[in-house]
>>> print(open('data_15.txt').read())   # compact mmCIF, C-alpha atoms
# COMPACT_ATOMS: atom_id res chain seq x y z
CA MET A 1 -30.86 -7.38 -8.62
CA TYR A 2 -28.48 -4.75 -9.96
CA THR A 3 -24.84 -5.63 -10.58
CA VAL A 4 -21.84 -3.50 -9.67
CA GLY A 5 -18.27 -3.84 -10.91
CA LEU A 6 -15.44 -2.12 -9.04
CA TYR A 7 -11.86 -1.42 -10.08
CA THR A 8 -8.97 -0.01 -8.06
CA LEU A 9 -5.87 1.75 -9.30
CA GLY A 10 -3.10 2.61 -6.87
CA CYS A 11 -2.17 1.94 -3.29
CA LYS A 12 -3.33 -0.25 -0.43
CA VAL A 13 -5.39 2.63 0.97
CA SER A 14 -7.39 2.75 -2.26
CA GLN A 15 -7.81 -1.03 -2.19
CA TYR A 16 -9.23 -0.80 1.32
CA GLU A 17 -11.60 2.01 0.33
CA THR A 18 -12.89 0.11 -2.69
CA GLU A 19 -13.55 -2.95 -0.54
CA ALA A 20 -15.49 -0.84 1.99
CA VAL A 21 -17.63 0.59 -0.82
CA ALA A 22 -18.14 -2.89 -2.28
CA GLU A 23 -19.36 -4.25 1.06
CA GLU A 24 -21.84 -1.39 1.34
CA PHE A 25 -23.18 -2.11 -2.16
CA GLU A 26 -23.65 -5.76 -1.20
CA ARG A 27 -25.31 -4.81 2.08
CA ARG A 28 -27.86 -2.83 0.11
CA GLY A 29 -28.72 -5.69 -2.19
CA PHE A 30 -26.38 -5.20 -5.15
CA CYS A 31 -24.55 -8.16 -6.65
CA ARG A 32 -20.83 -7.70 -7.06
CA ALA A 33 -19.76 -8.73 -10.56
CA PRO A 34 -16.47 -8.86 -12.52
CA PHE A 35 -15.48 -5.42 -13.73
CA ASP A 36 -14.61 -6.73 -17.20
CA GLY A 37 -18.17 -7.90 -17.80
CA PRO A 38 -21.46 -6.08 -18.37
CA CYS A 39 -22.62 -4.34 -15.17
CA ASP A 40 -25.39 -1.94 -14.26
CA VAL A 41 -22.99 0.19 -12.21
CA TYR A 42 -19.23 0.67 -12.52
CA VAL A 43 -17.08 2.25 -9.81
CA ILE A 44 -13.50 3.24 -10.64
CA ASN A 45 -11.20 4.28 -7.78
CA THR A 46 -8.46 6.26 -9.50
CA CYS A 47 -4.80 7.08 -8.80
CA THR A 48 -2.65 10.09 -9.69
CA VAL A 49 0.76 9.20 -8.31
CA THR A 50 2.25 9.28 -11.84
CA GLY A 51 1.23 10.40 -15.30
CA GLU A 52 0.87 6.74 -16.21
CA ALA A 53 -1.62 6.32 -13.36
CA ASP A 54 -3.70 9.16 -14.80
CA ARG A 55 -3.64 7.51 -18.22
CA LYS A 56 -4.65 4.13 -16.84
CA SER A 57 -7.50 5.75 -14.90
CA ARG A 58 -8.90 7.32 -18.09
CA GLN A 59 -8.43 4.04 -19.94
CA CYS A 60 -10.36 2.16 -17.26
CA ILE A 61 -13.25 4.65 -17.41
CA ARG A 62 -13.52 4.25 -21.19
CA ARG A 63 -13.37 0.47 -20.87
CA ALA A 64 -16.37 0.51 -18.55
CA LEU A 65 -18.31 2.77 -20.93
CA LYS A 66 -17.52 0.45 -23.82
CA GLN A 67 -18.66 -2.64 -21.93
CA ASN A 68 -22.09 -1.15 -21.20
CA PRO A 69 -22.82 2.31 -22.67
CA ASN A 70 -26.04 2.44 -20.61
CA ALA A 71 -24.37 1.75 -17.28
CA LEU A 72 -23.90 4.23 -14.46
CA VAL A 73 -20.20 5.10 -14.21
CA PHE A 74 -18.91 6.51 -10.91
CA VAL A 75 -15.34 7.81 -10.67
CA MET A 76 -13.66 8.56 -7.35
CA GLY A 77 -10.18 8.71 -5.85
CA CYS A 78 -7.02 10.76 -6.23
CA TYR A 79 -7.13 11.49 -9.97
CA ALA A 80 -10.80 12.40 -9.63
CA GLN A 81 -9.90 14.79 -6.79
CA THR A 82 -7.25 16.66 -8.78
CA SER A 83 -8.77 16.43 -12.28
CA ALA A 84 -12.55 16.27 -11.85
CA ALA A 85 -13.26 18.57 -14.79
CA GLU A 86 -11.10 16.48 -17.08
CA ILE A 87 -12.99 13.33 -16.12
CA ALA A 88 -16.37 15.05 -16.43
CA ARG A 89 -15.59 15.80 -20.08
CA ILE A 90 -15.55 12.07 -20.86
CA PRO A 91 -19.02 11.40 -22.36
CA GLY A 92 -21.02 8.90 -20.32
CA VAL A 93 -19.49 9.46 -16.87
CA THR A 94 -22.33 9.72 -14.35
CA TYR A 95 -20.72 11.03 -11.17
CA VAL A 96 -17.30 12.24 -10.05
CA SER A 97 -16.26 12.40 -6.40
CA GLY A 98 -12.77 12.72 -5.03
CA THR A 99 -11.01 11.17 -2.06
CA TYR A 100 -13.70 12.15 0.42
CA GLY A 101 -17.36 11.04 0.32
CA LYS A 102 -16.63 7.70 -1.28
CA MET A 103 -19.34 5.93 0.70
CA GLU A 104 -21.89 8.37 -0.81
CA VAL A 105 -21.38 6.62 -4.15
CA VAL A 106 -23.70 3.81 -3.03
CA SER A 107 -26.59 6.16 -2.18
CA LYS A 108 -26.03 8.07 -5.40
CA ALA A 109 -26.19 4.85 -7.42
CA GLU A 110 -29.48 3.91 -5.75
CA ALA A 111 -30.90 7.35 -6.50
CA TYR A 112 -29.86 7.30 -10.15
CA LEU A 113 -31.30 3.81 -10.64
CA ALA A 114 -34.59 4.82 -9.00
CA ALA A 115 -34.93 8.03 -11.02
CA PRO A 116 -32.65 8.20 -14.06
CA PRO A 117 -31.73 11.82 -14.95
CA CYS A 118 -33.20 13.41 -18.04
CA ASP A 119 -29.91 14.95 -19.15
CA THR A 120 -26.45 13.44 -19.54
CA GLU A 121 -24.46 16.06 -17.65
CA THR A 122 -21.93 14.60 -15.24
CA GLU A 123 -22.52 15.35 -11.58
CA VAL A 124 -19.33 16.54 -9.86
CA ALA A 125 -19.18 16.39 -6.05
CA VAL A 126 -15.58 16.99 -5.02
CA THR A 127 -14.98 18.14 -1.43
CA ASP A 128 -12.12 20.33 -0.23
CA VAL A 129 -10.01 17.65 1.46
CA ASP A 130 -8.11 20.22 3.54
CA THR A 131 -11.28 20.84 5.54
CA ALA A 132 -12.81 17.36 5.35
CA PRO A 133 -12.81 15.09 8.44
CA PHE A 134 -11.62 11.49 8.43
CA GLU A 135 -14.18 9.50 6.45
CA ASN A 136 -14.97 6.56 8.69
CA MET A 137 -15.51 3.38 6.69
CA THR A 138 -15.12 -0.25 7.62
CA VAL A 139 -14.32 -3.58 6.04
CA ASN A 140 -15.90 -6.45 7.95
CA GLY A 141 -14.81 -9.39 5.86
CA SER A 142 -12.22 -10.47 3.36
CA PRO A 143 -12.01 -13.31 0.84
CA ARG A 144 -8.34 -13.60 1.80
CA THR A 145 -6.53 -14.36 5.02
CA ARG A 146 -4.92 -10.90 4.99
CA ALA A 147 -6.90 -7.66 5.12
CA TYR A 148 -5.96 -4.00 4.87
CA LEU A 149 -7.22 -1.52 7.45
CA LYS A 150 -6.95 2.20 6.74
CA ILE A 151 -6.03 4.04 9.93
CA GLU A 152 -4.97 7.39 8.47
CA ASP A 153 -5.59 9.69 5.52
CA GLY A 154 -3.71 12.69 4.17
CA CYS A 155 -0.09 13.82 4.10
CA GLU A 156 1.60 17.06 5.13
CA CYS A 157 5.15 16.24 4.03
CA ARG A 158 4.92 18.33 0.85
CA CYS A 159 7.65 16.44 -0.98
CA THR A 160 8.53 18.39 -4.11
CA TYR A 161 7.68 15.61 -6.58
CA CYS A 162 4.38 14.45 -5.08
CA ALA A 163 0.81 15.34 -6.07
CA ILE A 164 -0.80 13.24 -3.33
CA PRO A 165 -1.09 15.97 -0.62
CA GLY A 166 -3.27 17.91 -3.05
CA ALA A 167 -5.40 14.83 -3.59
CA ARG A 168 -5.61 13.65 0.03
CA GLY A 169 -5.30 16.81 2.14
CA ARG A 170 -4.13 17.14 5.71
CA VAL A 171 -3.50 14.24 8.11
CA ARG A 172 -6.64 12.74 9.68
CA SER A 173 -6.61 9.64 11.88
CA LYS A 174 -9.12 6.91 12.65
CA ARG A 175 -10.07 6.83 16.32
CA PRO A 176 -8.29 4.04 18.23
CA GLU A 177 -11.55 2.48 19.42
CA ASP A 178 -12.74 2.26 15.81
CA VAL A 179 -9.48 0.56 14.81
CA PHE A 180 -9.84 -2.00 17.62
CA ALA A 181 -13.47 -2.72 16.69
CA GLU A 182 -12.61 -3.23 13.03
CA VAL A 183 -9.72 -5.58 13.79
CA SER A 184 -12.07 -7.63 15.97
CA ALA A 185 -14.69 -7.77 13.21
CA LEU A 186 -12.09 -8.89 10.67
CA ALA A 187 -10.85 -11.59 13.04
CA ALA A 188 -14.41 -12.82 13.51
CA GLY A 189 -14.68 -13.04 9.73
CA GLY A 190 -11.66 -15.34 9.48
CA VAL A 191 -8.87 -12.85 8.80
CA ARG A 192 -5.55 -13.93 10.34
CA GLU A 193 -3.39 -10.92 9.43
CA VAL A 194 -4.26 -7.22 9.34
CA VAL A 195 -2.13 -4.63 7.53
CA LEU A 196 -2.46 -1.15 9.03
CA THR A 197 -2.13 1.36 6.23
CA GLY A 198 -2.49 5.04 5.44
CA ILE A 199 -1.29 7.74 3.08
CA GLU A 200 1.34 8.74 5.66
CA THR A 201 0.99 5.98 8.25
CA SER A 202 3.88 7.33 10.31
CA SER A 203 1.83 10.48 10.99
CA TYR A 204 -1.04 8.58 12.60
CA GLY A 205 -2.30 10.43 15.66
CA VAL A 206 -0.90 13.92 15.05
CA ASP A 207 -4.52 15.12 15.15
CA LEU A 208 -5.37 13.04 18.24
CA GLY A 209 -3.33 14.86 20.88
CA ASP A 210 -0.51 12.84 22.41
CA TYR A 211 -1.64 9.50 20.96
CA ARG A 212 0.67 8.22 18.18
CA LEU A 213 1.16 5.14 16.01
CA ILE A 214 3.38 3.41 18.58
CA ASP A 215 0.66 3.87 21.22
CA LEU A 216 -1.94 2.33 18.89
CA LEU A 217 0.34 -0.63 18.23
CA GLU A 218 0.99 -1.21 21.91
CA ASP A 219 -2.70 -1.03 22.79
CA LEU A 220 -3.61 -3.34 19.94
CA ASP A 221 -0.90 -5.81 20.94
CA LYS A 222 -2.30 -6.22 24.47
CA ASN A 223 -5.36 -8.16 23.37
CA CYS A 224 -4.90 -8.77 19.68
CA PRO A 225 -7.55 -11.01 18.07
CA VAL A 226 -5.50 -11.76 14.94
CA ASP A 227 -2.24 -13.66 14.58
CA ARG A 228 -0.30 -10.86 12.93
CA ILE A 229 -0.35 -7.11 12.60
CA ARG A 230 1.69 -5.77 9.71
CA LEU A 231 2.48 -2.14 9.03
CA GLY A 232 2.15 -0.37 5.70
CA SER A 233 4.71 2.08 4.38
CA LEU A 234 6.64 4.05 7.02
CA SER A 235 8.98 7.03 6.82
CA PRO A 236 12.51 6.37 8.17
CA GLU A 237 12.57 9.40 10.48
CA MET A 238 9.88 7.78 12.63
CA MET A 239 12.24 4.94 13.53
CA THR A 240 14.10 6.54 16.41
CA GLU A 241 15.99 4.35 18.85
CA PRO A 242 13.32 4.67 21.60
CA ILE A 243 10.53 3.82 19.13
CA CYS A 244 12.46 0.81 17.84
CA GLU A 245 12.93 -0.43 21.41
CA ARG A 246 9.17 -0.23 21.98
CA LEU A 247 8.48 -2.00 18.68
CA GLY A 248 10.79 -4.81 19.75
CA HIS A 249 8.51 -5.66 22.69
CA LEU A 250 5.38 -6.22 20.56
CA THR A 251 4.39 -9.87 20.19
CA HIS A 252 1.89 -9.58 17.31
CA LEU A 253 3.77 -7.14 15.09
CA ALA A 254 5.27 -8.82 12.02
CA PRO A 255 9.06 -8.39 11.80
CA HIS A 256 8.81 -6.68 8.43
CA PHE A 257 8.85 -2.96 7.64
CA HIS A 258 8.32 -1.17 4.35
CA LEU A 259 10.32 2.06 4.38
CA SER A 260 9.48 4.72 1.82
CA MET A 261 13.06 5.72 0.97
CA GLN A 262 12.74 7.22 -2.56
CA SER A 263 16.53 7.66 -2.84
CA GLY A 264 19.80 6.82 -1.14
CA SER A 265 21.49 10.08 -2.16
CA ASP A 266 21.52 12.93 0.36
CA ALA A 267 21.52 15.53 -2.42
CA VAL A 268 18.46 13.98 -4.06
CA LEU A 269 16.67 13.60 -0.73
CA ARG A 270 17.26 17.30 -0.04
CA GLY A 271 15.84 18.18 -3.45
CA MET A 272 12.80 16.05 -2.67
CA LYS A 273 12.47 17.75 0.74
CA ARG A 274 12.41 14.41 2.50
CA ARG A 275 12.84 14.55 6.30
CA TYR A 276 15.88 12.27 6.59
CA ASN A 277 19.16 11.45 4.92
CA ALA A 278 20.80 8.16 4.01
CA SER A 279 22.75 7.79 7.26
CA ARG A 280 19.60 8.45 9.31
CA ALA A 281 17.79 5.72 7.37
CA LEU A 282 20.64 3.26 7.85
CA ALA A 283 20.62 4.00 11.58
CA ALA A 284 16.89 3.18 11.67
CA LEU A 285 17.56 -0.17 9.98
CA ALA A 286 20.32 -0.90 12.49
CA PHE A 287 18.07 -0.05 15.44
CA LEU A 288 15.36 -2.40 14.19
CA ARG A 289 17.80 -5.23 13.39
CA ARG A 290 19.15 -4.97 16.92
CA GLU A 291 15.71 -5.01 18.56
CA ILE A 292 13.89 -7.49 16.27
CA PRO A 293 15.88 -10.60 15.29
CA GLY A 294 15.18 -11.78 11.75
CA VAL A 295 13.52 -8.52 10.68
CA GLN A 296 13.32 -7.83 6.93
CA PHE A 297 12.82 -4.61 4.99
CA THR A 298 11.22 -3.63 1.71
CA THR A 299 11.25 -0.21 0.08
CA ASP A 300 10.27 2.18 -2.72
CA LEU A 301 13.00 3.85 -4.76
CA MET A 302 12.66 6.54 -7.41
CA VAL A 303 15.17 7.06 -10.21
CA GLY A 304 15.53 10.10 -12.42
CA PHE A 305 14.55 12.85 -9.99
CA PRO A 306 15.60 16.23 -11.50
CA GLY A 307 19.30 16.79 -10.96
CA GLU A 308 20.09 13.13 -10.24
CA GLY A 309 23.42 12.59 -11.96
CA GLU A 310 25.59 9.50 -12.17
CA GLU A 311 27.23 10.33 -8.83
CA GLU A 312 23.88 10.59 -7.04
CA PHE A 313 22.65 7.40 -8.65
CA SER A 314 25.86 5.62 -7.57
CA GLU A 315 25.17 6.80 -4.01
CA THR A 316 21.73 5.18 -4.15
CA MET A 317 23.25 1.93 -5.45
CA ALA A 318 25.79 1.97 -2.58
CA PHE A 319 23.03 2.70 -0.07
CA VAL A 320 20.97 -0.26 -1.33
CA ARG A 321 23.96 -2.59 -1.01
CA GLU A 322 24.39 -1.57 2.62
CA ALA A 323 20.68 -1.52 3.50
CA ARG A 324 19.97 -4.98 1.99
CA PHE A 325 16.25 -4.82 1.24
CA LEU A 326 14.34 -8.05 0.71
CA SER A 327 12.49 -6.42 -2.18
CA MET A 328 12.33 -3.01 -3.83
CA HIS A 329 9.69 -1.24 -5.86
CA VAL A 330 11.73 0.77 -8.39
CA PHE A 331 9.99 3.44 -10.43
CA ALA A 332 10.90 6.47 -12.53
CA TYR A 333 10.23 10.08 -11.60
CA SER A 334 7.11 11.44 -13.31
CA ARG A 335 6.41 15.16 -13.66
CA ARG A 336 3.21 16.07 -11.81
CA LYS A 337 1.46 19.37 -12.39
CA ASN A 338 1.45 21.88 -9.54
CA THR A 339 4.50 20.31 -7.88
CA PRO A 340 7.80 22.22 -7.44
CA ALA A 341 9.95 19.51 -9.02
CA ALA A 342 8.03 19.76 -12.30
CA SER A 343 9.77 23.08 -12.99
CA TYR A 344 13.20 22.09 -11.68
CA PRO A 345 16.12 22.30 -14.12
CA ASN A 346 18.17 19.26 -15.13
CA GLN A 347 15.24 16.99 -15.87
CA VAL A 348 16.56 13.47 -16.52
CA PRO A 349 15.98 11.95 -20.00
CA GLU A 350 13.60 8.98 -20.17
CA GLN A 351 16.25 6.63 -21.56
CA VAL A 352 18.49 7.40 -18.59
CA LYS A 353 15.61 6.69 -16.20
CA GLU A 354 15.04 3.34 -17.92
CA ARG A 355 18.73 2.40 -17.67
CA ARG A 356 18.89 3.30 -14.00
CA SER A 357 15.63 1.50 -13.21
CA HIS A 358 17.00 -1.64 -14.83
CA ALA A 359 20.33 -1.45 -12.99
CA LEU A 360 18.71 -0.82 -9.61
CA SER A 361 16.19 -3.62 -10.13
CA LEU A 362 18.98 -6.06 -11.01
CA LEU A 363 20.85 -5.12 -7.84
CA GLY A 364 17.67 -5.58 -5.85
CA HIS A 365 17.22 -9.09 -7.25
CA GLU A 366 20.83 -9.97 -6.43
CA ILE A 367 20.42 -8.86 -2.81
CA ARG A 368 17.07 -10.65 -2.52
CA ASP A 369 18.65 -13.90 -3.70
CA GLU A 370 21.51 -13.46 -1.23
CA ILE A 371 19.00 -13.07 1.62
CA LEU A 372 17.03 -16.11 0.46
CA ALA A 373 20.21 -18.21 0.20
CA GLU A 374 21.21 -17.17 3.73
CA THR A 375 17.75 -18.10 5.00
CA VAL A 376 18.05 -21.57 3.48
CA ARG A 377 21.51 -22.07 4.98
CA GLU A 378 20.34 -20.97 8.43
CA ALA A 379 17.63 -23.67 8.30
CA ARG A 380 15.37 -21.74 10.65
CA VAL A 381 11.75 -22.75 10.95
CA LEU A 382 9.40 -20.14 9.51
CA ARG A 383 5.83 -19.44 10.47
CA VAL A 384 3.77 -19.13 7.29
CA LEU A 385 0.17 -18.11 6.70
CA LEU A 386 -1.33 -20.27 3.94
CA GLU A 387 -3.09 -18.03 1.43
CA THR A 388 -3.65 -19.74 -1.94
CA CYS A 389 -3.31 -23.27 -3.29
CA ASP A 390 -2.50 -24.47 -6.80
CA GLY A 391 -2.28 -28.19 -7.44
CA GLY A 392 -1.40 -29.09 -3.88
CA VAL A 393 1.22 -26.36 -3.58
CA TRP A 394 0.37 -23.67 -1.04
CA HIS A 395 1.58 -20.10 -1.35
CA GLY A 396 1.89 -17.82 1.64
CA HIS A 397 4.07 -15.34 3.49
CA SER A 398 6.19 -15.71 6.58
CA ASP A 399 6.17 -13.24 9.44
CA ALA A 400 9.15 -11.46 7.85
CA PHE A 401 7.34 -11.36 4.48
CA PHE A 402 9.21 -14.12 2.70
CA GLU A 403 7.00 -15.46 -0.09
CA THR A 404 6.87 -19.24 0.25
CA GLU A 405 5.73 -22.44 -1.42
CA VAL A 406 5.03 -25.67 0.43
CA ALA A 407 3.28 -28.91 -0.58
CA LEU A 408 0.39 -29.66 1.79
CA PRO A 409 -3.07 -31.21 1.51
CA ASP A 410 -5.96 -29.06 0.31
CA GLY A 411 -8.40 -27.48 2.70
CA ARG A 412 -5.88 -25.64 4.83
CA HIS A 413 -6.57 -22.08 3.73
CA GLY A 414 -5.90 -19.57 6.48
CA GLU A 415 -3.84 -21.91 8.64
CA MET A 416 -0.58 -20.81 10.22
CA VAL A 417 1.99 -23.57 9.66
CA SER A 418 5.66 -24.18 10.42
CA VAL A 419 7.91 -24.81 7.43
CA LEU A 420 11.60 -25.26 6.73
CA PRO A 421 13.13 -23.56 3.65
CA VAL A 422 15.08 -25.95 1.43
CA GLY A 423 15.68 -23.78 -1.66
CA TYR A 424 14.47 -20.77 -3.61
CA ARG A 425 13.34 -19.87 -7.11
CA ASP A 426 12.31 -16.54 -8.67
CA GLY A 427 12.20 -14.79 -5.31
CA ILE A 428 10.18 -17.53 -3.59
CA LEU A 429 11.38 -19.74 -0.76
CA LEU A 430 10.70 -23.42 -1.47
CA CYS A 431 9.79 -25.12 1.79
CA ARG A 432 8.80 -28.43 3.34
CA PRO A 433 6.67 -28.98 6.46
CA ALA A 434 8.82 -28.59 9.57
CA ASP A 435 9.56 -31.65 11.67
CA THR A 436 8.91 -29.60 14.82
CA PRO A 437 5.71 -27.63 14.12
CA SER A 438 5.74 -26.02 17.54
CA ALA A 439 9.14 -24.41 17.01
CA LEU A 440 8.02 -21.14 15.42
CA GLY A 441 10.59 -18.76 14.07
CA THR A 442 10.29 -15.75 11.79
>>> encode(input="data_15.txt", output="structure tokens")
Amino acid sequence: MYTVGLYTLGCKVSQYETEAVAEEFERRGFCRAPFDGPCDVYVINTCTVTGEADRKSRQCIRRALKQNPNALVFVMGCYAQTSAAEIARIPGVTYVSGTYGKMEVVSKAEAYLAAPPCDTETEVAVTDVDTAPFENMTVNGSPRTRAYLKIEDGCECRCTYCAIPGARGRVRSKRPEDVFAEVSALAAGGVREVVLTGIETSSYGVDLGDYRLIDLLEDLDKNCPVDRIRLGSLSPEMMTEPICERLGHLTHLAPHFHLSMQSGSDAVLRGMKRRYNASRALAALAFLRREIPGVQFTTDLMVGFPGEGEEEFSETMAFVREARFLSMHVFAYSRRKNTPAASYPNQVPEQVKERRSHALSLLGHEIRDEILAETVREARVLRVLLETCDGGVWHGHSDAFFETEVALPDGRHGEMVSVLPVGYRDGILLCRPADTPSALGT
């Protein structure tokens, strides 16, 4: 039996795709093995969102080659899509595909193992993603209680800093009936929560006529086989008042939204060519807080975009204080080739980016702790999905995405339990079993 080791760099979409490829390898008789050990086949799903992601992708490829110089090494994903020739120059790489045709990697591995090539030239099979259809793949099981489900690929926003549209192409959506079937299969496999994700999830359905993300959510909610549906990253302009009202009527949708903000400064957002401004984003948060009691928000924020001065950074800090995100992913702007912002004047020095990242992260932690303290004071019962256990202490997430700890007996993986927060530490709510387990809150 041949062994295959898989490694993912990047987003939830890539994690889903790697899992779909892994399941297909296993279905065809391969044994999935740890990536850091000797394997017959290595599959690296790369990322190109930053220069550091490119570097880590190359590092991962070389690590696989070092672990077994005779192994087949397959490289796919966003960095492979935009820099296939660069990857092909790494001696020992077997096959390079991009962001489309990932499922073909399994057949290619079988073919190479059955008839090893006489030469060592890398095969490059990168498809033009602007003409490619949605690549339908499925994940039928998950070792965890939560599973990702890719419902959309591609992005047409053309933000000035972002290389991903070139790596992922135009928006393509998974057919609703395929989404419903996959959710049912995951539920049958023991999954309790499904996270719907995409490169630009908010754009789901623009290629399906009049059917949009809100329609998919409403249809899924009518006869949902899992306890919770959670949404991946969303763009604030989608959250209009009518959409928020419709979201408020859904019974299976988790009251947690991850908004891809990038900045809280209108000037910076204009330079990025984002489709909203700070006041529009704050209005979206207000709409959702009105319609969904107990809702929480997380976000991505970039510092150091070209032209971001101290005034613009102060505007982002003020925005964050008003928005009150439960958690924030803070990262520094990275120049990406073939993007407009790479040639913009007033590039921000690295040391300034580091200082601003630190300051924004500290503010994020302060706000998070304020929210956790308020949650403890409110003494509301939370509904928590038990995910992992360490020494009798279970870790899980509430509907609103609070990370929690609670002491319970072993053997309760995947259960939905009611807990009462009694304290917090390092961003985690410390809880005890609720006295009234039927009283489910957020």
>>> residues_near_point(input="data_15.txt", point="(-5.0, 16.1, 2.2)", cutoff="7 Å", atoms="all atoms listed in the file", output="PDB file with C-alpha atoms, keeping the file's coordinate frame")
ATOM      1  CA  VAL A 129     -10.010  17.650   1.460  1.00  0.00           C
ATOM      2  CA  ASP A 130      -8.110  20.220   3.540  1.00  0.00           C
ATOM      3  CA  GLY A 154      -3.710  12.690   4.170  1.00  0.00           C
ATOM      4  CA  CYS A 155      -0.090  13.820   4.100  1.00  0.00           C
ATOM      5  CA  PRO A 165      -1.090  15.970  -0.620  1.00  0.00           C
ATOM      6  CA  GLY A 166      -3.270  17.910  -3.050  1.00  0.00           C
ATOM      7  CA  ALA A 167      -5.400  14.830  -3.590  1.00  0.00           C
ATOM      8  CA  ARG A 168      -5.610  13.650   0.030  1.00  0.00           C
ATOM      9  CA  GLY A 169      -5.300  16.810   2.140  1.00  0.00           C
ATOM     10  CA  ARG A 170      -4.130  17.140   5.710  1.00  0.00           C
ATOM     11  CA  VAL A 171      -3.500  14.240   8.110  1.00  0.00           C
TER      12      VAL A 171
END
>>> closest_residue(input="data_15.txt", among="A:Asp40, A:Asp54, A:Glu370, A:Glu19", to="A:Arg335", atoms="all atoms listed in the file")
A:Asp54
>>> atom_distance(input="data_15.txt", atom1="atom CA of A:Thr82", atom2="atom CA of A:Lys12")
19.3 Å
>>> residues_around(input="data_15.txt", residues="A:Asp128", least_positions_apart="4", cutoff="9 Å", atoms="all atoms listed in the file", output="tab-separated table (two decimals) with C-alpha atoms, in the coordinates of the input")
chain	number	residue	atom	x	y	z
A	81	GLN	CA	-9.90	14.79	-6.79
A	100	TYR	CA	-13.70	12.15	0.42
A	132	ALA	CA	-12.81	17.36	5.35
A	169	GLY	CA	-5.30	16.81	2.14
>>> atom_distance(input="data_15.txt", atom1="atom CA of A:Ser343", atom2="atom CA of A:Ser203")
28.2 Å
>>> residues_near_point(input="data_15.txt", point="(13.3, 8.4, -14.1)", cutoff="6 Å", atoms="only C-alpha atoms", output="mmCIF file with C-alpha atoms, in the coordinates of the input")
data_model
loop_
_atom_site.group_PDB
_atom_site.id
_atom_site.type_symbol
_atom_site.label_atom_id
_atom_site.label_comp_id
_atom_site.auth_asym_id
_atom_site.auth_seq_id
_atom_site.Cartn_x
_atom_site.Cartn_y
_atom_site.Cartn_z
ATOM 1 C CA VAL A 303 15.170 7.060 -10.210
ATOM 2 C CA GLY A 304 15.530 10.100 -12.420
ATOM 3 C CA ALA A 332 10.900 6.470 -12.530
ATOM 4 C CA TYR A 333 10.230 10.080 -11.600
ATOM 5 C CA LYS A 353 15.610 6.690 -16.200
#
>>> closest_residue(input="data_15.txt", among="A:Cys78, A:Cys389, A:Val376, A:Val384", to="A:Ile164", atoms="all atoms listed in the file")
A:Cys78
>>> atom_distance(input="data_15.txt", atom1="atom CA of A:Ala407", atom2="atom CA of A:Gly392")
5.7 Å
>>> residues_around(input="data_15.txt", residues="A:Glu245", least_positions_apart="3", cutoff="8 Å", atoms="only C-alpha atoms", output="short mmCIF file (atom, residue, chain, number, x, y, z; two decimals) with C-alpha atoms, in the frame of the given file")
data_model
loop_
_atom_site.label_atom_id
_atom_site.label_comp_id
_atom_site.auth_asym_id
_atom_site.auth_seq_id
_atom_site.Cartn_x
_atom_site.Cartn_y
_atom_site.Cartn_z
CA GLU A 241 15.99 4.35 18.85
CA PRO A 242 13.32 4.67 21.60
CA GLY A 248 10.79 -4.81 19.75
CA HIS A 249 8.51 -5.66 22.69
CA PHE A 287 18.07 -0.05 15.44
CA LEU A 288 15.36 -2.40 14.19
CA GLU A 291 15.71 -5.01 18.56
#
>>> decode(input="data_15.txt", residues="stretch 47-56 of chain A", atoms="N, CA and C atoms", output="CSV table (one decimal), in the first residue's frame")
chain,number,residue,atom,x,y,z
A,47,CYS,N,-0.1,28.5,-1.1
A,47,CYS,CA,-0.8,29.8,-0.9
A,47,CYS,C,0.1,30.9,-1.5
A,48,THR,N,-0.6,32.0,-1.9
A,48,THR,CA,0.2,33.1,-2.4
A,48,THR,C,-0.3,34.4,-1.9
A,49,VAL,N,-1.0,34.4,-0.8
A,49,VAL,CA,-1.7,35.7,-0.3
A,49,VAL,C,-0.6,36.7,0.1
A,50,THR,N,0.6,36.3,0.5
A,50,THR,CA,1.7,37.2,0.9
A,50,THR,C,3.0,36.6,0.3
A,51,GLY,N,4.0,37.4,0.4
A,51,GLY,CA,5.3,36.9,0.0
A,51,GLY,C,5.8,35.8,1.0
A,52,GLU,N,5.4,36.0,2.2
A,52,GLU,CA,5.8,34.9,3.2
A,52,GLU,C,5.1,33.6,2.9
A,53,ALA,N,3.9,33.7,2.4
A,53,ALA,CA,3.2,32.4,2.0
A,53,ALA,C,3.9,31.7,0.8
A,54,ASP,N,4.4,32.5,-0.1
A,54,ASP,CA,5.2,31.9,-1.2
A,54,ASP,C,6.5,31.2,-0.6
A,55,ARG,N,7.1,31.9,0.3
A,55,ARG,CA,8.4,31.4,0.9
A,55,ARG,C,8.1,30.1,1.6
A,56,LYS,N,7.0,30.1,2.4
A,56,LYS,CA,6.7,28.9,3.1
A,56,LYS,C,6.3,27.7,2.2
